[in-house]
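Okay, structure first, notes after.
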Amino acid sequence: MTNYNQPELLACISAKMVVDNKGYFVGSGIPLISVLLAKKTHAPNAVPFFETGSIGPKLEELPISIADSKTMTRAIAVKSMCDIFELSTIGVIEYGFLGGAQVDMYGNLNATMIGDDYYRPKVRLPGSGGACDVGSLCGKTIILMLHEKRRFVPRVDFITTPGYLEGGNSREERGFIKGTGPYRVITNLAVMDFEEESKRMRLLYLLPGATVERVVENTGFELIIPDHIETLDPPTREELQLLREVLDPTGLIIGRQLKN
Amino acid sequence: MRILATGVGKLIKPVPSSDQVQQETRTLKSLALTNKVMSAKEAVQRYVQENDYVVSELTGNVRGPMALIREVVRQGFKDLKAAGNTSTLDIDLLLQAGCVKELDLCYVGYELLGTSYTMRKMIEEGKLKITEWSNATMAWRLKAAAMGVPFLPCRSMLEGTDTFKYSAAKIAECPFSGDRVCVVPALRPDVALIHVHRCDIYGNAQIDGITGSTLEVAAASKKVIISTEKIIDHDEIRKNPERTAIPYFMVNAVVEAPFGAHPGNMPYLYDMDVEHYKEYINYCKTGEGIKEYFNKFIYNVPDNDGYLKLIGEERLEELKRKEQIRYKYREE
């Protein structure tokens, strides 16, 4: 078996979720490299969108910033931030990748602060950026997280980005566009989706080497566990080679420790 | 329009009245073709006042008005308000220097390079007043002001999120469809700081690459200071009018500032000076060396030329080479 690290594993698993001929909000980390990997394998015309304005760039070099000029290399168009979020509102950008410091059982995400007082937080985080918008407007958001009990919490300290709020129909009742919301949660242990009625998080696949017990141990709320769960294949030699030699030869993303 | 909910955040900059906007436009946005070139020092002295609400575009990492930001720091403001939208070193410097006391906040950080320890510490210690927003809602707030309307409805940042709860937006029932919409108030900054690739002496400005919210900011703001990599002939503007991103009458001052976005990236001209960011972030993290940084790069140099001398020609040439080699294909 080939050796791989956690960022490489996450990138390969996320890439499998990428469908051809769809639009993707990408940031500057693992989401970006997942879409690029998918483009090199099964989804050559998956189209990356950057919230700062770039549409469909080739990305011959990985950007450090979501606005840096590497995001524009051989792009199809460069537009404004309003334009991109308006395209997302009308449904052009169907998928969005998101991360955060905390997630709860309904896929609500926190990227704003840890603590119980907004005005005097224990830890202040960078803030929503475009996350609240991506999570509000995209048909399918894919959440990437480290699977730890302190991150998979019963209630997030702050809902930066809406998941299914309190579950059931609560998201739609608040006015969010019908059919939008979290689609998958991908961690270093498993892939999860959301049960159709309750909108509660449900285990879907295990990642290579993970067990149901380990997933449950590292989740701070009750996951829906189906009777039968498949284990996904590990990254292939070809995928790892693409990641290491073509997409990220300097290790900007895959050479990093996983954190949020 | 029926209002269903209201965010608890403070509306740091009240919604402008159209009467007032038109009056201000008549006095501050002249159609006369006048030479607006001046030094950064003069531009900031003339057009930035204590208590002003300042917006900096694009980001502190990319095409940011860093030479202008350093001048604002140098002049020692103590009570500015600002927009922390896709902000990095630009807002970090203003916060670290004690220039800004209130912030509309959607993002302050360094993406892959790390955290803004400055913003984090100030908020954790209760030293910064903030109102929460998202990137799109801030962009639409600026767009509303650019359109001259008091608000815009949108389908993001609705009730149920704490981002809405701590914002100064409202949830309303759409008068036509009955849908719930988030209504965001127009944001009319007092002063916009914008760095561009090229500009003539009157303020007609060209930008290469993405614009973020720059065009909305230019149209929304009461006063606009442009810094430019170079000043070009007015005839060049007239040859390619479709390239004019910001027309002259929106602009109050033009400052020539080569490498004016350093240490940020200037698309197609020079790469980001990653080492400079890493050093600064580390000073903020440890608290050691930060005073020295401000003394060395801001307080003890008179202007952008002095700053560039400290960075050194060799480093600047290297950043140019790295960026320009990447975009060779544009000349094919």
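Each chain in the structure tokens gets a letter, A, B, ..., in the order shown, and its residues are numbered from 1; ligands are numbered from 1 in order too.
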
**Request:** List every residue of stretch 46-257 of chain A that DSSP, applied to the backbone, labels as strand (DSSP E or B), and write the result as a ChimeraX atom specification.
**Result:** /A:47-49,54-55,77-78,80,95-98,102-103,109-110,113-114,123-124,140-144,152,161,182-186,190-194,201-206,224,230-231

**Request:** Considering only C-alpha atoms, extract the chain A residues located within 8 Å of chain B and return them as a ChimeraX atom specification.
**Result:** /A:28-29,52-54,64-69,72-73,78-82,85,89,119-133,136-137,158-162,165,171,174-177

Create the file for the chosen residues now, containing C-alpha atoms and written as a JSON list (two decimals), in the first residue's frame.
[["chain", "number", "residue", "atom", "x", "y", "z"],
["A", 28, "SER", "CA", -7.07, 28.49, -1.20],
["A", 29, "GLY", "CA", -6.54, 25.15, 0.59],
["A", 52, "THR", "CA", -13.05, 37.63, -5.44],
["A", 53, "GLY", "CA", -13.87, 37.40, -9.15],
["A", 54, "SER", "CA", -12.01, 34.78, -11.17],
["A", 64, "ILE", "CA", -1.73, 31.73, -1.46],
["A", 65, "SER", "CA", -4.58, 34.20, -1.38],
["A", 66, "ILE", "CA", -8.08, 33.89, -2.86],
["A", 67, "ALA", "CA", -7.44, 37.12, -4.71],
["A", 68, "ASP", "CA", -3.85, 36.70, -5.84],
["A", 69, "SER", "CA", -3.07, 36.84, -9.52],
["A", 72, "MET", "CA", -6.54, 34.43, -12.72],
["A", 73, "THR", "CA", -4.10, 32.39, -14.80],
["A", 78, "VAL", "CA", -12.53, 38.06, -14.24],
["A", 79, "LYS", "CA", -15.48, 39.77, -12.57],
["A", 80, "SER", "CA", -16.32, 41.54, -9.33],
["A", 81, "MET", "CA", -17.24, 40.03, -5.98],
["A", 82, "CYS", "CA", -20.88, 41.13, -6.41],
["A", 85, "PHE", "CA", -22.24, 36.05, -5.44],
["A", 89, "THR", "CA", -27.72, 33.39, -6.07],
["A", 119, "TYR", "CA", -18.23, 40.52, 22.55],
["A", 120, "ARG", "CA", -15.55, 38.88, 24.73],
["A", 121, "PRO", "CA", -14.78, 35.55, 23.06],
["A", 122, "LYS", "CA", -12.28, 33.04, 24.36],
["A", 123, "VAL", "CA", -10.88, 32.83, 20.85],
["A", 124, "ARG", "CA", -11.77, 35.16, 18.02],
["A", 125, "LEU", "CA", -11.48, 33.57, 14.57],
["A", 126, "PRO", "CA", -11.14, 35.41, 11.22],
["A", 127, "GLY", "CA", -14.90, 35.53, 10.58],
["A", 128, "SER", "CA", -17.32, 34.50, 7.85],
["A", 129, "GLY", "CA", -15.53, 35.85, 4.84],
["A", 130, "GLY", "CA", -17.68, 34.42, 2.08],
["A", 131, "ALA", "CA", -18.59, 31.29, 4.06],
["A", 132, "CYS", "CA", -22.05, 32.45, 5.19],
["A", 133, "ASP", "CA", -22.85, 33.40, 1.59],
["A", 136, "SER", "CA", -26.59, 30.25, 2.18],
["A", 137, "LEU", "CA", -26.66, 30.26, -1.61],
["A", 158, "PHE", "CA", -21.71, 30.71, 16.78],
["A", 159, "ILE", "CA", -23.58, 29.91, 13.56],
["A", 160, "THR", "CA", -21.39, 31.66, 11.01],
["A", 161, "THR", "CA", -22.76, 29.62, 8.14],
["A", 162, "PRO", "CA", -26.20, 28.05, 8.04],
["A", 165, "LEU", "CA", -30.27, 25.21, 11.48],
["A", 171, "ARG", "CA", -33.77, 26.17, 6.99],
["A", 174, "ARG", "CA", -36.18, 31.05, 7.50],
["A", 175, "GLY", "CA", -36.18, 31.93, 3.81],
["A", 176, "PHE", "CA", -33.09, 30.15, 2.53],
["A", 177, "ILE", "CA", -33.49, 29.14, -1.11]]

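Atom pair atom CA of B:Asn204 / atom CA of B:Leu28 has a distance of 15.9 Å (rounded to one decimal).
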
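The list of residues with at least one atom within 12 Å of A:Gly255, based on only C-alpha atoms and without residues fewer than 2 positions apart in the same chain, reads A:Tyr4, A:Asn5, A:Gln6, A:Pro7, A:Glu8, A:Leu9, A:Ala11, A:Gly29, A:Ile30, A:Leu243, A:Arg244, A:Asp248, A:Pro249, A:Thr250, A:Gly251, A:Leu252, A:Ile253, A:Gln257, A:Leu258.
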
Write the residues of the preceding selection, restricted to C-alpha atoms, as an mmCIF file, in the first residue's frame.
data_model
loop_
_atom_site.group_PDB
_atom_site.id
_atom_site.type_symbol
_atom_site.label_atom_id
_atom_site.label_comp_id
_atom_site.auth_asym_id
_atom_site.auth_seq_id
_atom_site.Cartn_x
_atom_site.Cartn_y
_atom_site.Cartn_z
ATOM 1 C CA TYR A 4 -0.077 9.165 2.221
ATOM 2 C CA ASN A 5 -0.697 11.915 4.742
ATOM 3 C CA GLN A 6 -4.032 13.325 5.920
ATOM 4 C CA PRO A 7 -4.215 16.321 3.569
ATOM 5 C CA GLU A 8 -3.512 13.990 0.649
ATOM 6 C CA LEU A 9 -6.222 11.583 1.791
ATOM 7 C CA ALA A 11 -7.887 15.875 -1.161
ATOM 8 C CA GLY A 29 -6.544 25.150 0.592
ATOM 9 C CA ILE A 30 -7.637 21.530 0.209
ATOM 10 C CA LEU A 243 -0.884 15.764 -6.205
ATOM 11 C CA ARG A 244 2.828 15.630 -5.423
ATOM 12 C CA ASP A 248 1.409 20.885 -5.495
ATOM 13 C CA PRO A 249 5.103 20.160 -6.007
ATOM 14 C CA THR A 250 6.141 22.622 -3.283
ATOM 15 C CA GLY A 251 3.781 21.082 -0.709
ATOM 16 C CA LEU A 252 1.937 24.372 -0.133
ATOM 17 C CA ILE A 253 -1.285 22.505 0.697
ATOM 18 C CA GLN A 257 -0.541 19.949 9.066
ATOM 19 C CA LEU A 258 -4.318 19.669 9.033
#

**Asked** Looking only at the backbone, which of the residues in stretch 116-195 of chain A does DSSP tag as helix (DSSP H, G or I), as a count of residues only?
**Response** 11

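Interatomic distance, atom CA of A:Thr141 to atom CA of A:Leu98: 6.9 Å.
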
**Prompt:** Which residues, written as a PyMOL selection string, have at least one atom at most 12 Å from B:His276, with only C-alpha atoms counted and residues fewer than 4 positions away on the same chain left out?
**Reply:** chain B and resi 61+89+113+262-265+271-272+280-283+293+297+310-311+315-316+319

Now that the selection is made, can you save its residues with N, CA and C atoms as a tab-separated table (two decimals), in the first residue's frame?
chain	number	residue	atom	x	y	z
B	61	ASN	N	-3.42	41.69	0.70
B	61	ASN	CA	-2.52	40.75	0.02
B	61	ASN	C	-2.38	41.05	-1.46
B	89	LEU	N	-3.17	42.57	5.78
B	89	LEU	CA	-2.20	43.48	6.38
B	89	LEU	C	-2.70	44.93	6.43
B	113	LEU	N	-1.45	31.98	5.05
B	113	LEU	CA	-0.28	32.43	5.82
B	113	LEU	C	-0.55	32.55	7.32
B	262	HIS	N	3.12	46.80	-2.16
B	262	HIS	CA	4.07	45.97	-1.41
B	262	HIS	C	3.74	45.96	0.07
B	263	PRO	N	3.80	44.84	0.78
B	263	PRO	CA	4.30	43.52	0.36
B	263	PRO	C	3.30	42.66	-0.40
B	264	GLY	N	2.19	43.23	-0.80
B	264	GLY	CA	1.19	42.46	-1.52
B	264	GLY	C	1.56	42.25	-2.97
B	265	ASN	N	0.75	41.44	-3.61
B	265	ASN	CA	0.89	41.12	-5.03
B	265	ASN	C	0.19	42.19	-5.86
B	271	ASP	N	5.07	39.96	-7.59
B	271	ASP	CA	4.55	38.89	-6.75
B	271	ASP	C	4.44	39.37	-5.30
B	272	MET	N	3.76	38.55	-4.50
B	272	MET	CA	3.63	38.82	-3.08
B	272	MET	C	4.97	38.57	-2.38
B	280	TYR	N	6.14	39.82	9.65
B	280	TYR	CA	5.18	40.69	10.34
B	280	TYR	C	4.23	39.87	11.23
B	281	ILE	N	3.72	38.77	10.67
B	281	ILE	CA	2.77	37.95	11.43
B	281	ILE	C	3.44	37.40	12.68
B	282	ASN	N	4.69	37.02	12.53
B	282	ASN	CA	5.42	36.50	13.68
B	282	ASN	C	5.65	37.57	14.75
B	283	TYR	N	5.93	38.80	14.33
B	283	TYR	CA	6.07	39.90	15.30
B	283	TYR	C	4.76	40.07	16.08
B	293	TYR	N	9.29	47.13	13.99
B	293	TYR	CA	8.77	47.06	12.61
B	293	TYR	C	8.13	48.39	12.22
B	297	PHE	N	9.75	50.65	9.25
B	297	PHE	CA	9.10	50.71	7.93
B	297	PHE	C	8.09	51.85	7.78
B	310	LEU	N	14.29	50.71	1.87
B	310	LEU	CA	14.51	49.70	2.93
B	310	LEU	C	14.28	48.28	2.42
B	311	ILE	N	13.29	48.13	1.57
B	311	ILE	CA	13.01	46.80	1.02
B	311	ILE	C	14.16	46.38	0.09
B	315	ARG	N	15.35	42.84	-3.94
B	315	ARG	CA	14.12	42.13	-3.58
B	315	ARG	C	12.98	42.52	-4.51
B	316	LEU	N	12.85	43.81	-4.79
B	316	LEU	CA	11.75	44.28	-5.63
B	316	LEU	C	11.88	43.72	-7.05
B	319	LEU	N	10.76	40.15	-7.08
B	319	LEU	CA	9.30	40.02	-7.05
B	319	LEU	C	8.70	40.30	-8.43

**Message:** For stretch 231-240 of chain A, find every residue with an atom within 12 Å (counting only C-alpha atoms), except residues of its own chain fewer than 3 positions away, and show them as a ChimeraX atom specification.
**Reply:** /A:1-16,33-34,36-42,186,188-191,203-212,228,243-249,254

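The interatomic distance for the pair atom CA of B:Tyr202 and atom CA of B:Val37 works out to 7.6 Å.
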
**Message:** I'd like the neighbourhood of A:Met105 as a PyMOL selection string, where a residue qualifies if any of its atoms comes within 12 Å (using only C-alpha atoms), though same-chain residues fewer than 4 positions away should be ignored.
**Reply:** chain A and resi 109+151-156+162-168+182+185+192-195+198-203+219-224

Just write the chosen residues, N, CA and C atoms, as a CSV table (one decimal), in the first residue's frame.
chain,number,residue,atom,x,y,z
A,109,LEU,N,-22.1,25.7,10.8
A,109,LEU,CA,-20.6,25.9,10.9
A,109,LEU,C,-20.2,27.1,11.6
A,151,ARG,N,-14.5,19.6,17.7
A,151,ARG,CA,-15.0,20.2,16.5
A,151,ARG,C,-16.4,19.8,16.1
A,152,PHE,N,-16.7,18.5,16.4
A,152,PHE,CA,-18.0,17.9,16.1
A,152,PHE,C,-18.8,18.0,17.4
A,153,VAL,N,-19.5,19.2,17.6
A,153,VAL,CA,-20.1,19.6,18.9
A,153,VAL,C,-21.6,19.5,18.8
A,154,PRO,N,-22.3,19.3,19.9
A,154,PRO,CA,-23.8,19.3,19.9
A,154,PRO,C,-24.3,20.7,19.4
A,155,ARG,N,-23.7,21.8,19.8
A,155,ARG,CA,-24.1,23.1,19.4
A,155,ARG,C,-22.9,23.9,19.1
A,156,VAL,N,-22.8,24.5,17.9
A,156,VAL,CA,-21.7,25.4,17.7
A,156,VAL,C,-21.8,26.6,18.5
A,162,PRO,N,-25.1,28.9,7.7
A,162,PRO,CA,-26.2,28.0,8.0
A,162,PRO,C,-26.0,26.7,7.4
A,163,GLY,N,-26.3,25.6,8.3
A,163,GLY,CA,-26.5,24.3,7.8
A,163,GLY,C,-28.0,24.1,7.7
A,164,TYR,N,-28.5,23.1,8.3
A,164,TYR,CA,-30.0,22.9,8.4
A,164,TYR,C,-30.6,23.5,9.7
A,165,LEU,N,-29.8,24.5,10.3
A,165,LEU,CA,-30.3,25.2,11.5
A,165,LEU,C,-30.7,24.3,12.6
A,166,GLU,N,-32.1,24.2,12.9
A,166,GLU,CA,-32.5,23.3,13.9
A,166,GLU,C,-33.0,22.0,13.3
A,167,GLY,N,-32.7,21.7,12.1
A,167,GLY,CA,-33.2,20.5,11.4
A,167,GLY,C,-34.6,20.6,10.9
A,168,GLY,N,-35.0,19.5,10.3
A,168,GLY,CA,-36.4,19.4,9.7
A,168,GLY,C,-36.5,20.5,8.6
A,182,PRO,N,-26.1,21.9,3.3
A,182,PRO,CA,-24.9,21.0,3.3
A,182,PRO,C,-25.3,19.6,2.6
A,185,VAL,N,-20.1,15.9,4.5
A,185,VAL,CA,-19.1,16.3,5.4
A,185,VAL,C,-18.0,15.3,5.2
A,192,MET,N,-19.9,11.9,5.6
A,192,MET,CA,-21.2,11.9,6.1
A,192,MET,C,-22.2,12.6,5.2
A,193,ASP,N,-23.5,12.3,5.2
A,193,ASP,CA,-24.5,13.1,4.6
A,193,ASP,C,-25.5,13.5,5.6
A,194,PHE,N,-26.7,13.9,5.2
A,194,PHE,CA,-27.8,14.3,6.1
A,194,PHE,C,-29.0,13.6,5.8
A,195,GLU,N,-29.7,13.0,6.8
A,195,GLU,CA,-30.9,12.3,6.6
A,195,GLU,C,-32.0,13.2,6.1
A,198,SER,N,-35.1,14.5,9.0
A,198,SER,CA,-34.6,15.2,10.2
A,198,SER,C,-33.5,16.2,9.9
A,199,LYS,N,-32.8,15.9,8.7
A,199,LYS,CA,-31.6,16.7,8.4
A,199,LYS,C,-30.4,16.5,9.4
A,200,ARG,N,-30.5,15.4,10.0
A,200,ARG,CA,-29.4,15.1,11.0
A,200,ARG,C,-28.2,14.4,10.2
A,201,MET,N,-27.0,14.6,10.7
A,201,MET,CA,-25.8,14.1,10.1
A,201,MET,C,-25.8,12.6,10.2
A,202,ARG,N,-25.5,11.9,9.1
A,202,ARG,CA,-25.5,10.4,9.0
A,202,ARG,C,-24.2,9.9,8.4
A,203,LEU,N,-23.7,8.9,9.0
A,203,LEU,CA,-22.4,8.3,8.5
A,203,LEU,C,-22.7,7.6,7.1
A,219,THR,N,-17.0,12.0,17.7
A,219,THR,CA,-18.1,12.9,17.4
A,219,THR,C,-18.8,13.3,18.7
A,220,GLY,N,-19.0,14.6,18.9
A,220,GLY,CA,-19.6,15.0,20.1
A,220,GLY,C,-21.1,15.0,20.2
A,221,PHE,N,-21.8,14.4,19.2
A,221,PHE,CA,-23.2,14.3,19.1
A,221,PHE,C,-23.6,12.9,18.5
A,222,GLU,N,-24.9,12.6,18.6
A,222,GLU,CA,-25.3,11.3,18.1
A,222,GLU,C,-25.4,11.3,16.6
A,223,LEU,N,-24.6,10.5,15.9
A,223,LEU,CA,-24.6,10.4,14.5
A,223,LEU,C,-25.6,9.3,14.1
A,224,ILE,N,-26.3,9.4,13.0
A,224,ILE,CA,-27.1,8.3,12.5
A,224,ILE,C,-26.2,7.3,11.9
